[in-house]
Amino acid sequence: MSFDLLRFDQSTEPGRVGHYIAINHVEKVVLIGLKGTSTISDVLTDIMGDGADYYLESPFDENYTSKQIRAHEGILTAALTMADETQKLIEKLFLPCKYRVLITGHSLGAGTACLLGLLLRSRISALRGDCKEYLEVFAFAPPPVLNYDAALACPFITSVVNNSDIVPRMSLPNLVTLHKLFLKVHHKQEEKGLLASPYALAKDLIKVDDEFIMPYEELSDFYKEIHKNEDVRGEDSLFVPGRVIVLCPIGEEREKGEDKSSKDAVDDFFGVIGNGSMEMLKRVEPYLSLFADHLGASYIAHLKAASKDCESTTV
């Protein structure tokens, strides 16, 4: 499928992301692509991560009747900017000509894509029909950007999370849990007389002399205890929106806590399908690949691997 480029905007500032708009006249598809973090301005947008209340013009979906959402403040600002710039173009030109709108992005761009799709559905009634006929969002490595009930009411969004990618797990509750986990590992390091540097904390969480400092069973019990009194509707709780597909390595290694880096076994991946509240996203995975798994090249490799046999498991 080939596209003609209509707009290519690289300008960024806090609360604004670079993007392009392209069109395919044969398939009647408009593609809006939003880029990930690459500048200091983008970083400032990322770190404005407090939840901000926002009142929509109309409910964005029949399964979410409230006009109020709570969203990542910096990314919501970027999405509002994009909605203001694209609404008339979509409403007055593309929709009357029966063009379908696809929105996509990676990382910061993915989070912006999710909220942009939601805002456009709220503002333009014609987009609130069949959830995929008029507008669809494909988000790769999106951070948690939306309150619980709204995040689960986005059938027009497909979010993809690659293995142990840290960004989709960077919610405030997850970071608090990670801090508690590091404290627990630190105490174990002291008991064993191990070096308690930040690098050692992360390394020892994986293995010490070929043995886990926290066996998988103990780590599992730790998370169960933490999540026992979880408040998914708390003001600090934000989630990855829509249908979520987590790309996972096949085999027992992951279940037992083994690290599977992006370079290993790329032929053995499958998709676990759920939503933003799935257990796999309620913790920062303690694997050495958590940053490498966020890279675009890793997403491409693992998506290709997972699509070979089209294997999937629903949770």
# chains A, B, ... in the order shown; residues from 1 in each chain; ligands from 1
>>> residues_around(residues="Asp149 of chain A", least_positions_apart="5", cutoff="10 Å", atoms="only C-alpha atoms", output="number ranges by chain")
A: 63-64, 66, 69-70, 154, 232-233, 238-239, 241
>>> write_last_selection(atoms="N, CA and C atoms", output="PDB file, in the first residue's frame")
ATOM      1  N   ASN A  63     -19.924   2.403  25.580  1.00  0.00           N
ATOM      2  CA  ASN A  63     -19.591   1.671  26.803  1.00  0.00           C
ATOM      3  C   ASN A  63     -18.957   2.557  27.867  1.00  0.00           C
ATOM      4  N   TYR A  64     -18.789   3.828  27.542  1.00  0.00           N
ATOM      5  CA  TYR A  64     -18.241   4.779  28.519  1.00  0.00           C
ATOM      6  C   TYR A  64     -19.066   6.050  28.392  1.00  0.00           C
ATOM      7  N   SER A  66     -19.617   8.507  30.541  1.00  0.00           N
ATOM      8  CA  SER A  66     -19.151   9.728  31.199  1.00  0.00           C
ATOM      9  C   SER A  66     -18.406  10.619  30.205  1.00  0.00           C
ATOM     10  N   ILE A  69     -12.660  12.098  31.638  1.00  0.00           N
ATOM     11  CA  ILE A  69     -11.579  11.120  31.626  1.00  0.00           C
ATOM     12  C   ILE A  69     -10.445  11.656  32.494  1.00  0.00           C
ATOM     13  N   ARG A  70      -9.545  10.778  32.843  1.00  0.00           N
ATOM     14  CA  ARG A  70      -8.313  11.178  33.525  1.00  0.00           C
ATOM     15  C   ARG A  70      -7.161  10.629  32.703  1.00  0.00           C
ATOM     16  N   CYS A 154     -12.199   1.142  24.941  1.00  0.00           N
ATOM     17  CA  CYS A 154     -11.630   1.646  23.682  1.00  0.00           C
ATOM     18  C   CYS A 154     -11.453   0.514  22.672  1.00  0.00           C
ATOM     19  N   VAL A 232      -7.707   0.115  41.320  1.00  0.00           N
ATOM     20  CA  VAL A 232      -7.528   0.412  39.894  1.00  0.00           C
ATOM     21  C   VAL A 232      -8.130   1.757  39.512  1.00  0.00           C
ATOM     22  N   ARG A 233      -9.012   2.274  40.338  1.00  0.00           N
ATOM     23  CA  ARG A 233      -9.647   3.565  40.037  1.00  0.00           C
ATOM     24  C   ARG A 233      -9.042   4.707  40.860  1.00  0.00           C
ATOM     25  N   LEU A 238      -3.150   4.908  35.982  1.00  0.00           N
ATOM     26  CA  LEU A 238      -3.403   5.053  34.553  1.00  0.00           C
ATOM     27  C   LEU A 238      -3.051   3.739  33.859  1.00  0.00           C
ATOM     28  N   PHE A 239      -3.697   3.485  32.704  1.00  0.00           N
ATOM     29  CA  PHE A 239      -3.570   2.191  32.049  1.00  0.00           C
ATOM     30  C   PHE A 239      -3.349   2.350  30.548  1.00  0.00           C
ATOM     31  N   PRO A 241      -4.504   1.786  26.950  1.00  0.00           N
ATOM     32  CA  PRO A 241      -5.883   1.673  26.469  1.00  0.00           C
ATOM     33  C   PRO A 241      -6.096   0.540  25.457  1.00  0.00           C
TER      34      PRO A 241
END
>>> residues_around(residues="Met280 of chain A", least_positions_apart="4", cutoff="12 Å", atoms="only C-alpha atoms", output="ChimeraX atom specification")
/A:161-166,168-169,174,220,223,240,244-248,254-255,272-276,284-286,315
>>> residues_around(residues="segment 113-118 of chain A", least_positions_apart="2", cutoff="8 Å", atoms="only C-alpha atoms", output="PyMOL selection string")
chain A and resi 33-34+60+75-76+79-80+82-83+103-105+109-111+120-122+135-139+145+154+157+241
>>> residues_around(residues="Arg123 of chain A", least_positions_apart="6", cutoff="10 Å", atoms="only C-alpha atoms", output="MDAnalysis selection string")
chainID A and resid 56:60 83 87 91
>>> write_last_selection(atoms="C-alpha atoms", output="CSV table (one decimal), in the first residue's frame")
chain,number,residue,atom,x,y,z
A,56,LEU,CA,-15.0,15.7,26.7
A,57,GLU,CA,-17.5,17.3,24.4
A,58,SER,CA,-19.4,14.0,24.1
A,59,PRO,CA,-18.8,10.4,25.4
A,60,PHE,CA,-16.4,8.7,23.0
A,83,ALA,CA,-7.0,17.1,17.6
A,87,GLN,CA,-10.4,17.8,13.3
A,91,GLU,CA,-14.6,16.2,9.5
>>> atom_distance(atom1="atom CA of Asp221 of chain A", atom2="atom CA of His187 of chain A")
17.0 Å
>>> residues_around(residues="Val17 of chain A", least_positions_apart="3", cutoff="7 Å", atoms="only C-alpha atoms", output="number ranges by chain")
A: 12, 34-35, 42, 78
>>> select_by_dssp(residues="segment 69-284 of chain A", states="strand (DSSP E)", output="MDAnalysis selection string")
chainID A and resid 69:72 100:106 135:140 157:162 243:249 269:274
>>> residues_around(residues="segment 25-32 of chain A", least_positions_apart="6", cutoff="8 Å", atoms="only C-alpha atoms", output="NGL selection string")
:A and (3 or 19 or 94 or 98-104)
